[in-house]
>>> print(open('target_33.tsv').read())   # TSV, C-alpha atoms
chain	number	residue	atom	x	y	z
A	935	MET	CA	-9.25	-12.08	25.27
A	936	SER	CA	-7.41	-8.87	26.11
A	937	SER	CA	-4.72	-7.58	23.83
A	938	THR	CA	-2.05	-8.16	26.48
A	939	THR	CA	-2.73	-11.91	26.56
A	940	GLU	CA	-2.69	-12.31	22.78
A	941	THR	CA	0.59	-13.00	21.04
A	942	LEU	CA	2.10	-9.76	19.83
A	943	THR	CA	2.83	-10.16	16.12
A	944	ALA	CA	4.09	-7.77	13.47
A	945	GLU	CA	0.65	-7.97	11.82
A	946	ARG	CA	-1.15	-6.91	15.04
A	947	ILE	CA	1.29	-4.04	15.44
A	948	LEU	CA	0.66	-2.91	11.85
A	949	GLU	CA	-3.12	-3.07	12.35
A	950	ALA	CA	-2.83	-0.99	15.52
A	951	THR	CA	-0.49	1.45	13.78
A	952	GLU	CA	-3.04	1.95	11.04
A	953	GLU	CA	-5.72	2.78	13.63
A	954	VAL	CA	-3.40	5.16	15.47
A	955	LEU	CA	-2.53	6.90	12.19
A	956	ARG	CA	-6.21	7.20	11.35
A	957	ARG	CA	-6.91	8.83	14.74
A	958	HIS	CA	-3.86	11.05	15.15
A	959	GLY	CA	-2.38	11.54	11.67
A	960	PRO	CA	1.27	11.01	10.73
A	961	ALA	CA	2.60	14.11	12.49
A	962	LYS	CA	1.24	13.21	15.94
A	963	ALA	CA	1.15	9.38	15.91
A	964	THR	CA	3.92	7.86	18.04
A	965	VAL	CA	5.20	4.39	18.86
A	966	VAL	CA	3.96	4.99	22.43
A	967	ASP	CA	0.43	5.51	21.01
A	968	VAL	CA	0.69	2.22	19.12
A	969	ALA	CA	1.94	0.40	22.23
A	970	ARG	CA	-0.86	1.92	24.32
A	971	ALA	CA	-3.46	0.77	21.76
A	972	LEU	CA	-2.05	-2.76	22.04
A	973	GLY	CA	-1.74	-2.70	25.83
A	974	VAL	CA	2.01	-3.36	25.71
A	975	SER	CA	5.20	-1.41	26.37
A	976	HIS	CA	6.75	0.57	23.54
A	977	GLY	CA	9.80	-1.71	23.94
A	978	SER	CA	7.61	-4.62	22.79
A	979	VAL	CA	6.82	-2.75	19.58
A	980	TYR	CA	10.51	-1.95	19.06
A	981	ARG	CA	11.34	-5.68	19.29
A	982	HIS	CA	9.41	-6.11	16.04
A	983	PHE	CA	10.29	-2.78	14.40
A	984	ARG	CA	13.64	-1.32	15.42
A	985	THR	CA	12.72	2.31	14.69
A	986	LYS	CA	9.66	4.49	14.23
A	987	ALA	CA	10.74	4.92	10.59
A	988	ALA	CA	10.83	1.13	10.11
A	989	LEU	CA	7.31	0.84	11.53
A	990	ARG	CA	6.01	3.61	9.29
A	991	GLU	CA	7.69	2.03	6.27
A	992	ALA	CA	6.19	-1.39	7.08
A	993	VAL	CA	2.67	-0.01	7.45
A	994	THR	CA	3.08	1.87	4.16
A	995	LYS	CA	4.28	-1.30	2.40
A	996	ARG	CA	1.31	-3.23	3.79
A	997	TRP	CA	-1.08	-0.57	2.45
A	998	LEU	CA	0.54	-0.50	-1.00
A	999	ASP	CA	0.72	-4.31	-1.17
A	1000	ARG	CA	-3.08	-4.51	-0.87
A	1001	THR	CA	-3.35	-2.82	-4.27
A	1002	SER	CA	-0.64	-4.84	-6.01
A	1003	GLU	CA	-2.00	-8.14	-4.63
A	1004	ALA	CA	-5.52	-7.33	-5.86
A	1005	LEU	CA	-4.16	-6.50	-9.33
A	1006	ALA	CA	-1.94	-9.60	-9.51
A	1007	GLY	CA	-4.99	-11.83	-10.04
A	1008	ILE	CA	-6.07	-9.83	-13.08
A	1009	ALA	CA	-2.54	-9.78	-14.51
A	1010	ALA	CA	-2.23	-13.56	-14.19
A	1011	ASP	CA	-5.72	-14.43	-15.50
A	1012	GLU	CA	-4.95	-16.29	-18.72
A	1013	GLY	CA	-8.67	-16.97	-19.21
A	1014	ARG	CA	-9.05	-13.44	-20.54
A	1015	ASP	CA	-7.35	-12.13	-23.65
A	1016	PRO	CA	-4.44	-9.73	-22.97
A	1017	GLU	CA	-6.26	-6.66	-24.26
A	1018	THR	CA	-9.18	-7.27	-21.87
A	1019	ARG	CA	-6.75	-7.96	-19.04
A	1020	LEU	CA	-4.90	-4.73	-19.75
A	1021	ARG	CA	-8.11	-2.70	-19.75
A	1022	ASP	CA	-9.43	-4.47	-16.61
A	1023	TRP	CA	-6.10	-4.06	-14.79
A	1024	LEU	CA	-5.96	-0.30	-15.42
A	1025	ARG	CA	-9.63	0.10	-14.44
A	1026	ALA	CA	-9.04	-1.90	-11.25
A	1027	LEU	CA	-6.00	0.23	-10.38
A	1028	PHE	CA	-8.10	3.36	-10.72
A	1029	GLU	CA	-10.97	1.89	-8.68
A	1030	ALA	CA	-8.62	0.72	-5.90
A	1031	LYS	CA	-7.04	4.16	-5.57
A	1032	ARG	CA	-10.36	5.97	-5.81
A	1033	ARG	CA	-11.91	3.69	-3.18
A	1034	LYS	CA	-9.02	4.35	-0.79
A	1035	ALA	CA	-9.30	8.10	-1.30
A	1036	GLY	CA	-13.09	8.18	-0.98
A	1037	HIS	CA	-13.85	5.67	1.77
A	1038	ASP	CA	-11.19	6.71	4.25
A	1039	PRO	CA	-9.93	10.18	3.31
A	1040	GLU	CA	-8.08	10.69	6.61
A	1041	LEU	CA	-6.10	7.49	6.20
A	1042	PHE	CA	-5.52	8.22	2.50
A	1043	ALA	CA	-4.08	11.62	3.40
A	1044	THR	CA	-1.93	9.98	6.05
A	1045	TYR	CA	-0.59	7.43	3.62
A	1046	SER	CA	0.11	10.12	1.05
A	1047	VAL	CA	2.47	11.66	3.64
A	1048	LEU	CA	4.01	8.28	4.52
A	1049	VAL	CA	4.51	7.37	0.85
A	1050	GLY	CA	6.54	10.56	0.49
A	1051	GLU	CA	8.81	9.34	3.30
A	1052	SER	CA	9.21	5.77	2.02
A	1053	GLY	CA	11.13	6.06	-1.22
A	1054	THR	CA	12.34	2.45	-1.39
A	1055	VAL	CA	8.92	1.01	-0.56
A	1056	VAL	CA	7.27	3.17	-3.20
A	1057	GLU	CA	9.89	2.27	-5.81
A	1058	GLU	CA	9.33	-1.44	-5.10
A	1059	HIS	CA	5.56	-0.98	-5.36
A	1060	LEU	CA	5.83	0.83	-8.69
A	1061	ALA	CA	8.25	-1.82	-9.97
A	1062	GLU	CA	5.75	-4.54	-8.98
A	1063	LEU	CA	2.90	-2.77	-10.78
A	1064	THR	CA	4.90	-2.19	-13.96
A	1065	ALA	CA	6.09	-5.82	-13.85
A	1066	GLN	CA	2.46	-6.93	-13.83
A	1067	LEU	CA	1.70	-4.64	-16.76
A	1068	THR	CA	4.79	-5.92	-18.58
A	1069	GLY	CA	3.51	-9.49	-18.21
A	1070	ILE	CA	0.18	-8.54	-19.76
A	1071	VAL	CA	1.87	-6.76	-22.69
A	1072	GLU	CA	4.22	-9.74	-23.21
A	1073	ALA	CA	1.20	-12.07	-23.29
A	1074	GLY	CA	-0.42	-9.84	-25.91
A	1075	VAL	CA	2.74	-9.82	-28.04
A	1076	ALA	CA	3.02	-13.62	-27.75
A	1077	ALA	CA	-0.66	-13.99	-28.76
A	1078	GLY	CA	-0.15	-11.63	-31.70
A	1079	SER	CA	-2.85	-9.21	-30.52
A	1080	LEU	CA	-0.55	-6.44	-29.25
A	1081	ALA	CA	2.50	-4.87	-30.88
A	1082	ALA	CA	5.36	-3.77	-28.62
A	1083	ALA	CA	9.04	-3.95	-29.52
A	1084	ASP	CA	9.95	-3.53	-25.83
A	1085	PRO	CA	7.13	-4.74	-23.55
A	1086	ALA	CA	8.76	-3.32	-20.39
A	1087	ALA	CA	9.13	0.16	-21.93
A	1088	THR	CA	5.57	-0.06	-23.25
A	1089	ALA	CA	4.28	-1.04	-19.79
A	1090	GLY	CA	6.11	1.93	-18.27
A	1091	ALA	CA	4.59	4.25	-20.85
A	1092	LEU	CA	1.09	2.87	-20.18
A	1093	PHE	CA	1.55	3.38	-16.45
A	1094	HIS	CA	2.73	6.96	-16.88
A	1095	ALA	CA	0.07	7.79	-19.47
A	1096	THR	CA	-2.65	6.78	-17.00
A	1097	GLY	CA	-1.07	8.53	-14.00
A	1098	ARG	CA	-3.99	10.93	-13.68
A	1099	PHE	CA	-6.15	7.94	-12.74
A	1100	HIS	CA	-3.92	6.44	-10.05
A	1101	ASP	CA	-1.37	9.00	-8.82
A	1102	PRO	CA	-2.60	10.28	-5.42
A	1103	CYS	CA	-1.80	13.88	-6.38
A	1104	TYR	CA	-4.87	13.71	-8.68
A	1105	ALA	CA	-7.23	12.30	-6.01
A	1106	GLY	CA	-9.26	15.51	-5.97
A	1107	GLU	CA	-10.35	14.85	-9.57
A	1108	TRP	CA	-11.56	11.28	-8.96
A	1109	LYS	CA	-14.98	12.36	-7.66
A	1110	ARG	CA	-15.87	14.13	-10.88
A	1111	PRO	CA	-18.73	12.33	-12.68
A	1112	GLU	CA	-16.97	12.42	-16.05
A	1113	ILE	CA	-13.72	10.83	-14.79
A	1114	GLU	CA	-14.72	7.27	-15.75
A	1115	GLY	CA	-15.51	8.34	-19.32
A	1116	GLU	CA	-12.16	10.11	-19.50
A	1117	LEU	CA	-10.38	6.93	-18.35
A	1118	GLU	CA	-12.23	4.89	-20.98
A	1119	ALA	CA	-11.25	7.38	-23.69
A	1120	VAL	CA	-7.57	7.12	-22.66
A	1121	LEU	CA	-7.77	3.30	-22.59
A	1122	ASP	CA	-9.42	3.20	-26.04
A	1123	LEU	CA	-6.71	5.44	-27.48
A	1124	MET	CA	-3.86	3.45	-25.94
A	1125	LEU	CA	-5.26	0.08	-26.98
A	1126	ARG	CA	-5.85	1.24	-30.56
A	1127	GLY	CA	-2.20	2.23	-30.69
A	1128	LEU	CA	-1.07	-1.12	-29.22
A	1129	ARG	CA	-3.09	-3.46	-31.41
A	1130	ALA	CA	-0.97	-5.50	-33.76
A	1131	PRO	CA	-1.73	-4.75	-37.41
A	1132	VAL	CA	-3.90	-7.36	-39.11
A	1133	ARG	CA	-1.90	-9.25	-41.70
>>> encode(input="target_33.tsv", output="structure tokens")
Amino acid sequence: MSSTTETLTAERILEATEEVLRRHGPAKATVVDVARALGVSHGSVYRHFRTKAALREAVTKRWLDRTSEALAGIAADEGRDPETRLRDWLRALFEAKRRKAGHDPELFATYSVLVGESGTVVEEHLAELTAQLTGIVEAGVAAGSLAAADPAATAGALFHATGRFHDPCYAGEWKRPEIEGELEAVLDLMLRGLRAPVR
């Protein structure tokens, strides 16, 4: 079935936009390129996304949501103790970011530019990630295994303390063979500091 006979959906437009961004980069990719890839008029794309900025923001949100959705399962897994969940969540965040940077460096570079343009989307993504971390810390406090007077502030501190392992500005370091050991050392240190004292 040709693309012109398929129903044009926001999801199809976002998929095509991602391909166009991969081929042309954020500076040269246009709505006309996206429409051409779909075999439709650029007006058809604008019916779903009113501006080029709205389209770029939506594709950025979709990309960021893949990470937060993958991590949500770990955050909600009550079958694992909170300390294990915390460690697994932070490892998974690092792996997700490293995979994106390593497997598709052109698209990763493109999204790094788009993320810089999409302040609200990025803020929402960071809020979602720290909310997941907060839930894990709260579970640890409730179970008596973690000590945190303010779980939200603790979650924010954990997120910032591990920034080197998930902030795209450090992507160049993620290929180093010792990076995993460095992450484990940081996690060990943080978890030692969070453990509730034995009574």
>>> closest_residue(input="target_33.tsv", among="A:Leu1125, A:Ile1113, A:Cys1103, A:Ile1008", to="A:Ala1082", atoms="only C-alpha atoms")
A:Leu1125
>>> residues_around(input="target_33.tsv", residues="A:Asp1084", least_positions_apart="6", cutoff="12 Å", atoms="all atoms listed in the file", output="VMD selection string")
chain A and resid 1068 to 1069 1071 to 1072 1075 1090 to 1091 1128
>>> atom_distance(input="target_33.tsv", atom1="atom CA of A:Glu1112", atom2="atom CA of A:Arg1033")
16.4 Å
>>> atom_distance(input="target_33.tsv", atom1="atom CA of A:Leu989", atom2="atom CA of A:Ala1105")
25.5 Å
>>> atom_distance(input="target_33.tsv", atom1="atom CA of A:His958", atom2="atom CA of A:Leu972")
15.5 Å
>>> residues_around(input="target_33.tsv", residues="A:Leu1048", least_positions_apart="4", cutoff="12 Å", atoms="all atoms listed in the file", output="count of residues only")
28
>>> closest_residue(input="target_33.tsv", among="A:Pro1102, A:Pro1111, A:Pro1131, A:Gly973", to="A:Ala1035", atoms="all atoms listed in the file")
A:Pro1102
>>> closest_residue(input="target_33.tsv", among="A:Ala1130, A:Ala1006, A:Ile947, A:Ala1026", to="A:Glu1114", atoms="all atoms listed in the file")
A:Ala1026
>>> closest_residue(input="target_33.tsv", among="A:Met1124, A:Ala1076, A:Ile1070, A:Ala1083", to="A:Ala1095", atoms="only C-alpha atoms")
A:Met1124
>>> closest_residue(input="target_33.tsv", among="A:Glu1012, A:Asp1101, A:Glu1017, A:Glu1040", to="A:Arg957", atoms="all atoms listed in the file")
A:Glu1040
>>> closest_residue(input="target_33.tsv", among="A:Ala1089, A:Asp999, A:Leu1027, A:Glu1118", to="A:Glu1058", atoms="all atoms listed in the file")
A:Asp999
>>> residues_around(input="target_33.tsv", residues="A:Phe1028", least_positions_apart="6", cutoff="12 Å", atoms="all atoms listed in the file", output="number ranges by chain")
A: 1001, 1005, 1021-1022, 1034-1036, 1093, 1096-1102, 1104-1105, 1107-1109, 1113-1114, 1116-1118, 1121
